[in-house]
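Chemist: If it helps, the file is called final_10.cif and holds mmCIF, C-alpha atoms, pLDDT in the B column; chains and numbers go by the auth columns:
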data_my_file
loop_
_atom_site.group_PDB
_atom_site.id
_atom_site.type_symbol
_atom_site.label_atom_id
_atom_site.label_comp_id
_atom_site.label_asym_id
_atom_site.label_seq_id
_atom_site.Cartn_x
_atom_site.Cartn_y
_atom_site.Cartn_z
_atom_site.B_iso_or_equiv
_atom_site.auth_seq_id
_atom_site.auth_asym_id
ATOM 1 C CA MET A 1 -184.503 202.652 83.074 51.00 175 A
ATOM 2 C CA SER A 2 -184.195 200.365 80.057 70.00 176 A
ATOM 3 C CA ASP A 3 -180.937 200.554 78.085 85.00 177 A
ATOM 4 C CA ALA A 4 -182.878 200.155 74.841 93.00 178 A
ATOM 5 C CA VAL A 5 -182.659 202.842 72.151 96.00 179 A
ATOM 6 C CA LEU A 6 -185.845 201.532 70.514 97.00 180 A
ATOM 7 C CA GLU A 7 -188.434 199.467 72.362 97.00 181 A
ATOM 8 C CA THR A 8 -191.921 198.085 71.930 97.00 182 A
ATOM 9 C CA ARG A 9 -193.961 197.034 74.928 97.00 183 A
ATOM 10 C CA ASN A 10 -196.907 194.672 74.548 97.00 184 A
ATOM 11 C CA LEU A 11 -197.879 195.822 71.063 97.00 185 A
ATOM 12 C CA SER A 12 -201.079 194.322 69.717 97.00 186 A
ATOM 13 C CA LYS A 13 -202.867 194.898 66.427 97.00 187 A
ATOM 14 C CA ARG A 14 -206.005 193.193 65.166 96.00 188 A
ATOM 15 C CA PHE A 15 -207.760 193.208 61.828 95.00 189 A
ATOM 16 C CA GLY A 16 -211.143 191.743 62.639 94.00 190 A
ATOM 17 C CA ALA A 17 -210.548 188.230 63.936 93.00 191 A
ATOM 18 C CA LEU A 18 -206.927 188.249 62.728 93.00 192 A
ATOM 19 C CA VAL A 19 -204.353 189.054 65.407 94.00 193 A
ATOM 20 C CA ALA A 20 -201.472 190.494 63.372 95.00 194 A
ATOM 21 C CA SER A 21 -199.425 191.561 66.406 96.00 195 A
ATOM 22 C CA ASP A 22 -199.895 189.580 69.606 96.00 196 A
ATOM 23 C CA ASP A 23 -198.440 191.259 72.707 96.00 197 A
ATOM 24 C CA ILE A 24 -195.065 191.982 71.087 97.00 198 A
ATOM 25 C CA SER A 25 -192.247 193.295 73.241 97.00 199 A
ATOM 26 C CA LEU A 26 -188.786 193.694 71.779 95.00 200 A
ATOM 27 C CA SER A 27 -185.835 196.011 72.208 96.00 201 A
ATOM 28 C CA LEU A 28 -182.944 197.410 70.218 97.00 202 A
ATOM 29 C CA LYS A 29 -179.830 198.238 72.205 96.00 203 A
ATOM 30 C CA THR A 30 -176.882 200.515 71.516 94.00 204 A
ATOM 31 C CA GLY A 31 -174.431 199.081 68.998 93.00 205 A
ATOM 32 C CA GLU A 32 -176.436 196.001 68.062 96.00 206 A
ATOM 33 C CA ILE A 33 -178.218 194.539 65.101 97.00 207 A
ATOM 34 C CA HIS A 34 -181.446 192.859 66.178 98.00 208 A
ATOM 35 C CA ALA A 35 -182.893 190.784 63.349 97.00 209 A
ATOM 36 C CA LEU A 36 -186.603 190.069 63.037 96.00 210 A
ATOM 37 C CA ILE A 37 -187.328 186.948 61.004 94.00 211 A
ATOM 38 C CA GLY A 38 -190.346 184.798 60.255 92.00 212 A
ATOM 39 C CA PRO A 39 -192.369 183.235 57.461 90.00 213 A
ATOM 40 C CA ASN A 40 -194.468 185.233 55.014 87.00 214 A
ATOM 41 C CA GLY A 41 -197.647 186.383 56.710 88.00 215 A
ATOM 42 C CA ALA A 42 -196.076 186.289 60.176 91.00 216 A
ATOM 43 C CA GLY A 43 -196.851 189.964 60.800 93.00 217 A
ATOM 44 C CA LYS A 44 -193.422 191.505 60.234 94.00 218 A
ATOM 45 C CA SER A 45 -194.729 194.277 57.963 91.00 219 A
ATOM 46 C CA THR A 46 -197.530 195.087 60.405 94.00 220 A
ATOM 47 C CA LEU A 47 -195.052 195.380 63.260 96.00 221 A
ATOM 48 C CA ILE A 48 -192.683 197.583 61.260 94.00 222 A
ATOM 49 C CA ALA A 49 -195.616 199.780 60.204 93.00 223 A
ATOM 50 C CA GLN A 50 -196.477 200.323 63.858 96.00 224 A
ATOM 51 C CA ILE A 51 -192.894 201.123 64.807 96.00 225 A
ATOM 52 C CA SER A 52 -192.507 203.561 61.912 92.00 226 A
ATOM 53 C CA GLY A 53 -195.852 205.243 62.588 92.00 227 A
ATOM 54 C CA ALA A 54 -197.725 204.165 59.470 91.00 228 A
ATOM 55 C CA LEU A 55 -200.099 202.090 61.584 94.00 229 A
ATOM 56 C CA ARG A 56 -201.350 202.726 65.111 95.00 230 A
ATOM 57 C CA PRO A 57 -201.367 199.803 67.542 96.00 231 A
ATOM 58 C CA ASP A 58 -204.556 198.781 69.296 97.00 232 A
ATOM 59 C CA GLU A 59 -202.610 198.231 72.496 97.00 233 A
ATOM 60 C CA GLY A 60 -199.070 198.719 73.735 97.00 234 A
ATOM 61 C CA ARG A 61 -196.414 201.421 73.637 97.00 235 A
ATOM 62 C CA ILE A 62 -193.356 202.357 71.567 98.00 236 A
ATOM 63 C CA PHE A 63 -190.297 204.194 72.866 97.00 237 A
ATOM 64 C CA LEU A 64 -187.382 205.857 71.079 97.00 238 A
ATOM 65 C CA ASP A 65 -184.443 207.023 73.162 94.00 239 A
ATOM 66 C CA HIS A 66 -186.593 206.584 76.297 93.00 240 A
ATOM 67 C CA GLN A 67 -189.320 208.891 74.960 95.00 241 A
ATOM 68 C CA GLU A 68 -192.738 207.489 74.090 97.00 242 A
ATOM 69 C CA ILE A 69 -193.607 207.853 70.399 97.00 243 A
ATOM 70 C CA THR A 70 -196.700 205.634 70.251 97.00 244 A
ATOM 71 C CA HIS A 71 -198.919 208.457 69.016 95.00 245 A
ATOM 72 C CA VAL A 72 -196.255 210.484 67.197 94.00 246 A
ATOM 73 C CA SER A 73 -196.597 210.861 63.410 91.00 247 A
ATOM 74 C CA MET A 74 -194.173 209.273 60.935 87.00 248 A
ATOM 75 C CA PRO A 75 -192.474 212.576 60.006 83.00 249 A
ATOM 76 C CA LYS A 76 -191.993 213.500 63.656 87.00 250 A
ATOM 77 C CA ARG A 77 -190.563 210.069 64.415 90.00 251 A
ATOM 78 C CA ALA A 78 -188.029 210.615 61.633 85.00 252 A
ATOM 79 C CA ARG A 79 -187.103 214.017 63.029 83.00 253 A
ATOM 80 C CA ARG A 80 -186.712 212.503 66.489 89.00 254 A
ATOM 81 C CA GLY A 81 -184.231 210.016 65.121 90.00 255 A
ATOM 82 C CA LEU A 82 -186.032 206.958 63.770 92.00 256 A
ATOM 83 C CA GLY A 83 -184.412 206.151 60.447 86.00 257 A
ATOM 84 C CA ARG A 84 -186.318 203.772 58.218 83.00 258 A
ATOM 85 C CA SER A 85 -184.761 202.531 55.018 75.00 259 A
ATOM 86 C CA PHE A 86 -188.019 203.055 53.116 60.00 260 A
ATOM 87 C CA GLN A 87 -189.309 206.238 54.708 43.00 261 A
ATOM 88 C CA ILE A 88 -190.610 207.703 51.456 46.00 262 A
ATOM 89 C CA SER A 89 -193.384 205.980 49.575 48.00 263 A
ATOM 90 C CA GLU A 90 -191.601 206.272 46.231 63.00 264 A
ATOM 91 C CA LEU A 91 -188.465 207.802 44.790 76.00 265 A
ATOM 92 C CA ALA A 92 -188.582 210.845 42.529 79.00 266 A
ATOM 93 C CA LEU A 93 -187.687 208.794 39.467 83.00 267 A
ATOM 94 C CA ASP A 94 -187.157 211.747 37.109 86.00 268 A
ATOM 95 C CA ASP A 95 -184.659 213.353 39.489 88.00 269 A
ATOM 96 C CA SER A 96 -181.031 212.407 39.943 92.00 270 A
ATOM 97 C CA VAL A 97 -179.850 209.982 42.593 93.00 271 A
ATOM 98 C CA LEU A 98 -178.116 212.873 44.366 92.00 272 A
ATOM 99 C CA GLU A 99 -181.266 215.008 44.326 88.00 273 A
ATOM 100 C CA ASN A 100 -183.260 212.142 45.796 87.00 274 A
ATOM 101 C CA ALA A 101 -180.762 211.751 48.628 87.00 275 A
ATOM 102 C CA MET A 102 -180.734 215.493 49.333 84.00 276 A
ATOM 103 C CA LEU A 103 -184.500 215.770 49.284 77.00 277 A
ATOM 104 C CA GLY A 104 -184.774 212.722 51.482 69.00 278 A
ATOM 105 C CA ALA A 105 -182.427 214.276 54.000 67.00 279 A
ATOM 106 C CA ILE A 106 -184.773 217.188 54.573 66.00 280 A
ATOM 107 C CA GLY A 107 -187.935 215.303 53.745 58.00 281 A
ATOM 108 C CA ALA A 108 -189.709 212.747 55.888 47.00 282 A
ATOM 109 C CA THR A 109 -192.424 215.364 56.241 41.00 283 A
ATOM 110 C CA GLY A 110 -194.964 214.069 53.752 44.00 284 A
ATOM 111 C CA SER A 111 -194.778 217.291 51.760 45.00 285 A
ATOM 112 C CA ALA A 112 -194.325 217.452 48.013 44.00 286 A
ATOM 113 C CA PHE A 113 -190.727 217.248 46.796 47.00 287 A
ATOM 114 C CA SER A 114 -191.195 220.446 44.808 47.00 288 A
ATOM 115 C CA LEU A 115 -191.495 222.475 47.991 48.00 289 A
ATOM 116 C CA PHE A 116 -187.901 221.624 48.857 52.00 290 A
ATOM 117 C CA ARG A 117 -186.224 222.615 45.587 55.00 291 A
ATOM 118 C CA PRO A 118 -184.441 225.689 47.045 56.00 292 A
ATOM 119 C CA ALA A 119 -182.750 223.450 49.592 55.00 293 A
ATOM 120 C CA LEU A 120 -180.840 221.674 46.815 57.00 294 A
ATOM 121 C CA LYS A 121 -178.436 224.604 46.802 62.00 295 A
ATOM 122 C CA THR A 122 -177.385 223.953 50.419 66.00 296 A
ATOM 123 C CA ASP A 123 -173.728 222.882 50.517 71.00 297 A
ATOM 124 C CA ASP A 124 -173.997 221.048 53.840 75.00 298 A
ATOM 125 C CA LEU A 125 -176.981 219.067 52.624 78.00 299 A
ATOM 126 C CA ARG A 126 -175.228 218.175 49.394 84.00 300 A
ATOM 127 C CA GLN A 127 -172.139 216.987 51.255 86.00 301 A
ATOM 128 C CA ARG A 128 -174.231 214.845 53.599 85.00 302 A
ATOM 129 C CA ALA A 129 -176.061 213.262 50.662 88.00 303 A
ATOM 130 C CA GLU A 130 -172.841 212.619 48.725 91.00 304 A
ATOM 131 C CA GLU A 131 -171.256 210.938 51.740 90.00 305 A
ATOM 132 C CA ALA A 132 -174.281 208.689 52.205 89.00 306 A
ATOM 133 C CA LEU A 133 -174.312 207.688 48.536 92.00 307 A
ATOM 134 C CA PHE A 134 -170.599 206.952 48.623 90.00 308 A
ATOM 135 C CA ARG A 135 -171.069 204.719 51.665 87.00 309 A
ATOM 136 C CA VAL A 136 -173.804 202.592 50.102 86.00 310 A
ATOM 137 C CA GLY A 137 -171.892 202.204 46.839 86.00 311 A
ATOM 138 C CA LEU A 138 -173.749 204.662 44.606 91.00 312 A
ATOM 139 C CA LYS A 139 -170.978 207.204 44.096 90.00 313 A
ATOM 140 C CA ASP A 140 -170.793 206.537 40.358 93.00 314 A
ATOM 141 C CA GLN A 141 -174.569 206.825 39.942 94.00 315 A
ATOM 142 C CA MET A 142 -175.034 210.180 41.699 93.00 316 A
ATOM 143 C CA GLN A 143 -175.889 212.078 38.512 93.00 317 A
ATOM 144 C CA SER A 144 -178.000 209.299 37.005 94.00 318 A
ATOM 145 C CA ARG A 145 -181.765 209.485 37.115 93.00 319 A
ATOM 146 C CA ALA A 146 -183.324 207.350 39.823 91.00 320 A
ATOM 147 C CA SER A 147 -185.376 205.690 37.076 91.00 321 A
ATOM 148 C CA GLU A 148 -182.140 204.273 35.624 93.00 322 A
ATOM 149 C CA LEU A 149 -181.259 202.390 38.806 90.00 323 A
ATOM 150 C CA SER A 150 -181.802 198.679 39.140 85.00 324 A
ATOM 151 C CA HIS A 151 -184.187 197.379 41.783 80.00 325 A
ATOM 152 C CA GLY A 152 -181.275 196.616 44.078 80.00 326 A
ATOM 153 C CA GLN A 153 -179.715 200.043 43.573 85.00 327 A
ATOM 154 C CA ARG A 154 -183.009 201.676 44.487 85.00 328 A
ATOM 155 C CA ARG A 155 -182.861 199.778 47.762 81.00 329 A
ATOM 156 C CA GLN A 156 -179.355 201.140 48.286 83.00 330 A
ATOM 157 C CA LEU A 157 -180.610 204.658 47.593 87.00 331 A
ATOM 158 C CA GLU A 158 -183.365 204.259 50.163 84.00 332 A
ATOM 159 C CA VAL A 159 -180.771 203.150 52.720 83.00 333 A
ATOM 160 C CA ALA A 160 -178.690 206.218 51.830 87.00 334 A
ATOM 161 C CA ILE A 161 -181.699 208.463 52.418 85.00 335 A
ATOM 162 C CA ALA A 162 -182.163 206.953 55.871 82.00 336 A
ATOM 163 C CA LEU A 163 -178.465 207.489 56.515 85.00 337 A
ATOM 164 C CA THR A 164 -178.604 211.206 55.679 83.00 338 A
ATOM 165 C CA LEU A 165 -181.089 211.703 58.509 79.00 339 A
ATOM 166 C CA LYS A 166 -178.414 210.688 61.056 81.00 340 A
ATOM 167 C CA PRO A 167 -180.869 208.675 63.125 88.00 341 A
ATOM 168 C CA LYS A 168 -180.605 207.281 66.642 93.00 342 A
ATOM 169 C CA ALA A 169 -181.938 203.931 65.426 95.00 343 A
ATOM 170 C CA PHE A 170 -182.453 202.323 62.025 93.00 344 A
ATOM 171 C CA VAL A 171 -185.344 200.141 60.943 93.00 345 A
ATOM 172 C CA MET A 172 -184.351 198.341 57.755 90.00 346 A
ATOM 173 C CA ASP A 173 -186.834 196.257 55.800 87.00 347 A
ATOM 174 C CA GLU A 174 -185.085 193.682 53.583 86.00 348 A
ATOM 175 C CA PRO A 175 -182.131 195.825 52.453 85.00 349 A
ATOM 176 C CA MET A 176 -180.595 192.793 50.702 84.00 350 A
ATOM 177 C CA ALA A 177 -183.597 192.217 48.427 81.00 351 A
ATOM 178 C CA GLY A 178 -182.662 192.396 44.759 77.00 352 A
ATOM 179 C CA LEU A 179 -178.962 193.047 45.345 79.00 353 A
ATOM 180 C CA GLY A 180 -177.502 189.776 44.098 81.00 354 A
ATOM 181 C CA ALA A 181 -174.666 187.894 45.772 85.00 355 A
ATOM 182 C CA GLU A 182 -171.961 190.554 45.411 84.00 356 A
ATOM 183 C CA GLY A 183 -174.294 193.407 46.323 81.00 357 A
ATOM 184 C CA SER A 184 -175.518 191.542 49.391 85.00 358 A
ATOM 185 C CA LYS A 185 -171.932 190.934 50.492 86.00 359 A
ATOM 186 C CA THR A 186 -171.201 194.660 50.174 84.00 360 A
ATOM 187 C CA MET A 187 -174.359 195.579 52.080 85.00 361 A
ATOM 188 C CA VAL A 188 -173.523 193.140 54.889 90.00 362 A
ATOM 189 C CA GLY A 189 -170.148 194.814 55.326 89.00 363 A
ATOM 190 C CA PHE A 190 -171.763 198.237 55.293 86.00 364 A
ATOM 191 C CA LEU A 191 -174.410 197.350 57.894 90.00 365 A
ATOM 192 C CA ASP A 192 -171.823 195.677 60.088 92.00 366 A
ATOM 193 C CA GLY A 193 -170.010 199.000 60.427 88.00 367 A
ATOM 194 C CA LEU A 194 -173.180 201.089 60.589 89.00 368 A
ATOM 195 C CA ARG A 195 -174.293 199.579 63.902 90.00 369 A
ATOM 196 C CA GLN A 196 -171.599 201.644 65.637 87.00 370 A
ATOM 197 C CA GLU A 197 -173.383 204.822 64.560 88.00 371 A
ATOM 198 C CA ALA A 198 -176.886 203.644 65.378 93.00 372 A
ATOM 199 C CA PRO A 199 -178.363 200.225 66.194 96.00 373 A
ATOM 200 C CA ILE A 200 -180.375 198.457 63.499 96.00 374 A
ATOM 201 C CA LEU A 201 -183.664 196.573 63.676 97.00 375 A
ATOM 202 C CA LEU A 202 -183.263 194.380 60.610 95.00 376 A
ATOM 203 C CA VAL A 203 -186.096 192.586 58.825 93.00 377 A
ATOM 204 C CA GLU A 204 -184.493 190.207 56.355 90.00 378 A
ATOM 205 C CA HIS A 205 -185.169 186.914 54.558 88.00 379 A
ATOM 206 C CA ASP A 206 -181.533 186.356 53.615 89.00 380 A
ATOM 207 C CA MET A 207 -180.582 184.021 56.453 90.00 381 A
ATOM 208 C CA ASP A 208 -176.891 184.068 55.573 90.00 382 A
ATOM 209 C CA ALA A 209 -176.944 187.830 56.094 92.00 383 A
ATOM 210 C CA VAL A 210 -178.980 187.532 59.286 94.00 384 A
ATOM 211 C CA PHE A 211 -176.654 184.946 60.805 93.00 385 A
ATOM 212 C CA ALA A 212 -173.592 186.969 59.777 94.00 386 A
ATOM 213 C CA LEU A 213 -174.858 190.240 61.241 96.00 387 A
ATOM 214 C CA ALA A 214 -177.274 189.724 64.096 96.00 388 A
ATOM 215 C CA ASP A 215 -176.345 190.074 67.741 96.00 389 A
ATOM 216 C CA ARG A 216 -179.869 188.946 68.603 97.00 390 A
ATOM 217 C CA VAL A 217 -182.663 187.400 66.570 96.00 391 A
ATOM 218 C CA SER A 218 -186.407 187.466 67.263 96.00 392 A
ATOM 219 C CA VAL A 219 -188.670 185.017 65.454 95.00 393 A
ATOM 220 C CA LEU A 220 -192.212 186.132 64.641 95.00 394 A
ATOM 221 C CA VAL A 221 -194.829 183.503 63.780 93.00 395 A
ATOM 222 C CA TYR A 222 -198.558 184.213 63.429 92.00 396 A
ATOM 223 C CA GLY A 223 -198.097 187.634 65.026 95.00 397 A
ATOM 224 C CA LYS A 224 -196.294 186.372 68.116 95.00 398 A
ATOM 225 C CA ILE A 225 -192.618 186.351 69.092 96.00 399 A
ATOM 226 C CA ILE A 226 -191.837 182.683 69.725 94.00 400 A
ATOM 227 C CA ALA A 227 -188.136 183.100 70.518 94.00 401 A
ATOM 228 C CA THR A 228 -185.447 185.743 71.022 96.00 402 A
ATOM 229 C CA GLY A 229 -181.774 184.996 71.451 95.00 403 A
ATOM 230 C CA THR A 230 -178.350 184.826 69.881 96.00 404 A
ATOM 231 C CA VAL A 231 -177.841 183.281 66.471 94.00 405 A
ATOM 232 C CA GLN A 232 -176.677 180.102 68.197 94.00 406 A
ATOM 233 C CA ASP A 233 -179.791 180.053 70.386 94.00 407 A
ATOM 234 C CA ILE A 234 -182.089 180.470 67.388 93.00 408 A
ATOM 235 C CA ARG A 235 -180.314 177.843 65.281 90.00 409 A
ATOM 236 C CA ALA A 236 -180.693 175.318 68.091 91.00 410 A
ATOM 237 C CA ASN A 237 -184.293 176.146 69.065 92.00 411 A
ATOM 238 C CA PRO A 238 -186.568 173.259 68.040 90.00 412 A
ATOM 239 C CA ASP A 239 -189.689 175.452 67.943 88.00 413 A
ATOM 240 C CA VAL A 240 -187.976 177.865 65.553 89.00 414 A
ATOM 241 C CA ARG A 241 -186.760 175.061 63.327 86.00 415 A
ATOM 242 C CA ALA A 242 -190.233 173.565 63.192 85.00 416 A
ATOM 243 C CA ALA A 243 -191.964 176.880 62.500 80.00 417 A
ATOM 244 C CA TYR A 244 -189.513 178.559 60.151 79.00 418 A
ATOM 245 C CA LEU A 245 -185.919 177.458 59.674 67.00 419 A
ATOM 246 C CA GLY A 246 -186.571 173.784 58.976 64.00 420 A
ATOM 247 C CA ASP A 247 -183.933 172.584 56.552 47.00 421 A
ATOM 248 C CA MET A 248 -183.050 176.070 55.283 51.00 422 A
ATOM 249 C CA GLU A 249 -179.520 175.873 56.601 51.00 423 A
#
Any chance you could put this one into structure tokens?

Modeler:
Amino acid sequence: MSDAVLETRNLSKRFGALVASDDISLSLKTGEIHALIGPNGAGKSTLIAQISGALRPDEGRIFLDHQEITHVSMPKRARRGLGRSFQISELALDDSVLENAMLGAIGATGSAFSLFRPALKTDDLRQRAEEALFRVGLKDQMQSRASELSHGQRRQLEVAIALTLKPKAFVMDEPMAGLGAEGSKTMVGFLDGLRQEAPILLVEHDMDAVFALADRVSVLVYGKIIATGTVQDIRANPDVRAAYLGDME
């Protein structure tokens, strides 16, 4: 049996003549951060959509904790332990940061936020949400409206929502985006510790963050994984440098 917590096997997705995912197999193991990098248009978003359940693959299979979830809905994947940093399509901007985190903790069902209002009185749920907000650095903004948050802080809130679900594996899509240098440094430290709770599949353009965090890196180009290895392996790979890294370092 594979030791992977999250695994894709031979995933393929086509949009007409465009092959967005070309026989993709990758794994996420206990305690690791596996970074997925590649140029714009490489197919990263399409792959993440398939893993999260927003998009069904044409071919291939997806496993979470050794159970197949290929045809399982997004809400059920969340309940089974797949934590995605952007699991909700939009924040409830008129509600407080704390309310968003609490609703997110019981959400991931696709239902209207208003149906969950009674749950806001649950002490355990409130404590879980407060702890998550404290960990991502939003303790002082808990009573602020979500609409008052900066773009980067909204990303932090979405990470906190994923954290409240206590997942078996995280899928994080550019958590550093919009944070600025100091915010990115804080997030790197947070994610570094978070891997001990659940492994992280990290999609990120900030290469400093990727090289600081990743145990393994997979490079996606034109829908196909062209290399997987350690940071050192990827830095030294001539195909990767030609296709993506170039003179970025």

Chemist: What's the 12 Å shell around Thr360 in chain A, counting only C-alpha atoms, without same-chain residues fewer than 3 positions away, as a list in words?

Modeler: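 Contacts, in chain order: Arg309, Val310, Gly311, Leu312, Gly326, Gln330, Pro349, Met350, Leu353, Gly354, Ala355, Glu356, Gly357, Gly363, Phe364, Leu365, Asp366, Gly367 and Ala383 of chain A.
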
Chemist: On this structure, which residues satisfy the PyMOL selection byres ((chain A and resi 404-408) around 9), written as a list in words?

Modeler: Val384, Phe385, Ala386, Ala388, Asp389, Arg390, Val391, Ser392, Val393, Ala401, Thr402, Gly403, Arg409, Ala410, Asn411, Pro412, Val414 and Arg415 of chain A

Chemist: CA of Ala416 in chain A and CA of Gly217 in chain A are how many Å apart?

Modeler: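 The value is 17.8 Å.
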
Chemist: Rank A:Asp297, A:Asp413, A:Glu332, A:Glu378 by their smallest atom-to-atom distance to Ser259 in chain A, using all atoms listed in the file, and report the top residue only.

Modeler: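 Closest to Ser259 in chain A of all the choices is A:Glu332.
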
Chemist: Between A:Leu387, A:Val395, A:Leu375, A:Ala417, which residue has the minimum interatomic distance to Ala178 in chain A, considering only C-alpha atoms?

Modeler: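 Under the stated criterion, the closest residue is A:Leu375.
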
Chemist: On this structure, the PyMOL selection byres ((chain A and resi 229) around 12) would catch which residues? List them as an mmCIF file with C-alpha atoms, in the coordinates of the input, sorted by chain and number.

Modeler:
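Writing the result to out.cif gives the following:
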data_model
loop_
_atom_site.group_PDB
_atom_site.id
_atom_site.type_symbol
_atom_site.label_atom_id
_atom_site.label_comp_id
_atom_site.auth_asym_id
_atom_site.auth_seq_id
_atom_site.Cartn_x
_atom_site.Cartn_y
_atom_site.Cartn_z
ATOM 1 C CA LEU A 185 -197.879 195.822 71.063
ATOM 2 C CA SER A 186 -201.079 194.322 69.717
ATOM 3 C CA LYS A 187 -202.867 194.898 66.427
ATOM 4 C CA ARG A 188 -206.005 193.193 65.166
ATOM 5 C CA PHE A 189 -207.760 193.208 61.828
ATOM 6 C CA ALA A 194 -201.472 190.494 63.372
ATOM 7 C CA SER A 195 -199.425 191.561 66.406
ATOM 8 C CA SER A 219 -194.729 194.277 57.963
ATOM 9 C CA THR A 220 -197.530 195.087 60.405
ATOM 10 C CA LEU A 221 -195.052 195.380 63.260
ATOM 11 C CA ILE A 222 -192.683 197.583 61.260
ATOM 12 C CA ALA A 223 -195.616 199.780 60.204
ATOM 13 C CA GLN A 224 -196.477 200.323 63.858
ATOM 14 C CA ILE A 225 -192.894 201.123 64.807
ATOM 15 C CA SER A 226 -192.507 203.561 61.912
ATOM 16 C CA GLY A 227 -195.852 205.243 62.588
ATOM 17 C CA ALA A 228 -197.725 204.165 59.470
ATOM 18 C CA ARG A 230 -201.350 202.726 65.111
ATOM 19 C CA PRO A 231 -201.367 199.803 67.542
ATOM 20 C CA ASP A 232 -204.556 198.781 69.296
ATOM 21 C CA GLU A 233 -202.610 198.231 72.496
ATOM 22 C CA THR A 244 -196.700 205.634 70.251
ATOM 23 C CA HIS A 245 -198.919 208.457 69.016
ATOM 24 C CA VAL A 246 -196.255 210.484 67.197
ATOM 25 C CA SER A 247 -196.597 210.861 63.410
ATOM 26 C CA MET A 248 -194.173 209.273 60.935
#

Chemist: Check which residues satisfy the PyMOL selection byres ((chain A and resi 269) around 9) in the file shown, then give them as number ranges by chain.

Modeler: A: 265-268, 270-274, 317-321

Chemist: Can those selected residues be exported to a file as a PDB file, keeping the file's coordinate frame so that it contains C-alpha atoms?

Modeler:
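New file out16.pdb:
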ATOM      1  CA  LEU A 265    -188.465 207.802  44.790  1.00 76.00           C
ATOM      2  CA  ALA A 266    -188.582 210.845  42.529  1.00 79.00           C
ATOM      3  CA  LEU A 267    -187.687 208.794  39.467  1.00 83.00           C
ATOM      4  CA  ASP A 268    -187.157 211.747  37.109  1.00 86.00           C
ATOM      5  CA  SER A 270    -181.031 212.407  39.943  1.00 92.00           C
ATOM      6  CA  VAL A 271    -179.850 209.982  42.593  1.00 93.00           C
ATOM      7  CA  LEU A 272    -178.116 212.873  44.366  1.00 92.00           C
ATOM      8  CA  GLU A 273    -181.266 215.008  44.326  1.00 88.00           C
ATOM      9  CA  ASN A 274    -183.260 212.142  45.796  1.00 87.00           C
ATOM     10  CA  GLN A 317    -175.889 212.078  38.512  1.00 93.00           C
ATOM     11  CA  SER A 318    -178.000 209.299  37.005  1.00 94.00           C
ATOM     12  CA  ARG A 319    -181.765 209.485  37.115  1.00 93.00           C
ATOM     13  CA  ALA A 320    -183.324 207.350  39.823  1.00 91.00           C
ATOM     14  CA  SER A 321    -185.376 205.690  37.076  1.00 91.00           C
TER      15      SER A 321
END

Chemist: For CA of Phe237 in chain A and CA of His208 in chain A, determine how far apart the two atoms are, in Å to one decimal place.

Modeler: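 CA of Phe237 in chain A sits 15.9 Å away from CA of His208 in chain A.
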
Chemist: Rounded to one decimal, what separation in Å do you get between CA of Gly397 in chain A and CA of Leu368 in chain A?

Modeler: 28.7 Å

Chemist: Return the single residue from A:Asp196, A:Glu206, A:Asp239, A:Glu348 that is closest to Leu180 in chain A, with distances computed using only C-alpha atoms.

Modeler: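 Ranked by minimum distance to Leu180 in chain A, first place goes to A:Asp239.
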
Chemist: Val377 in chain A: which residues within 6 Å, counting all atoms listed in the file, same-chain residues fewer than 4 positions away excluded, as number ranges by chain?

Modeler: A: 209-210, 347-348

Chemist: Just the residues within 8 Å of Met276 in chain A, please, counting all atoms listed in the file, with nothing from its chain fewer than 6 positions along; format it as a ChimeraX atom specification.

Modeler: /A:294,299-300,302-303,335,338
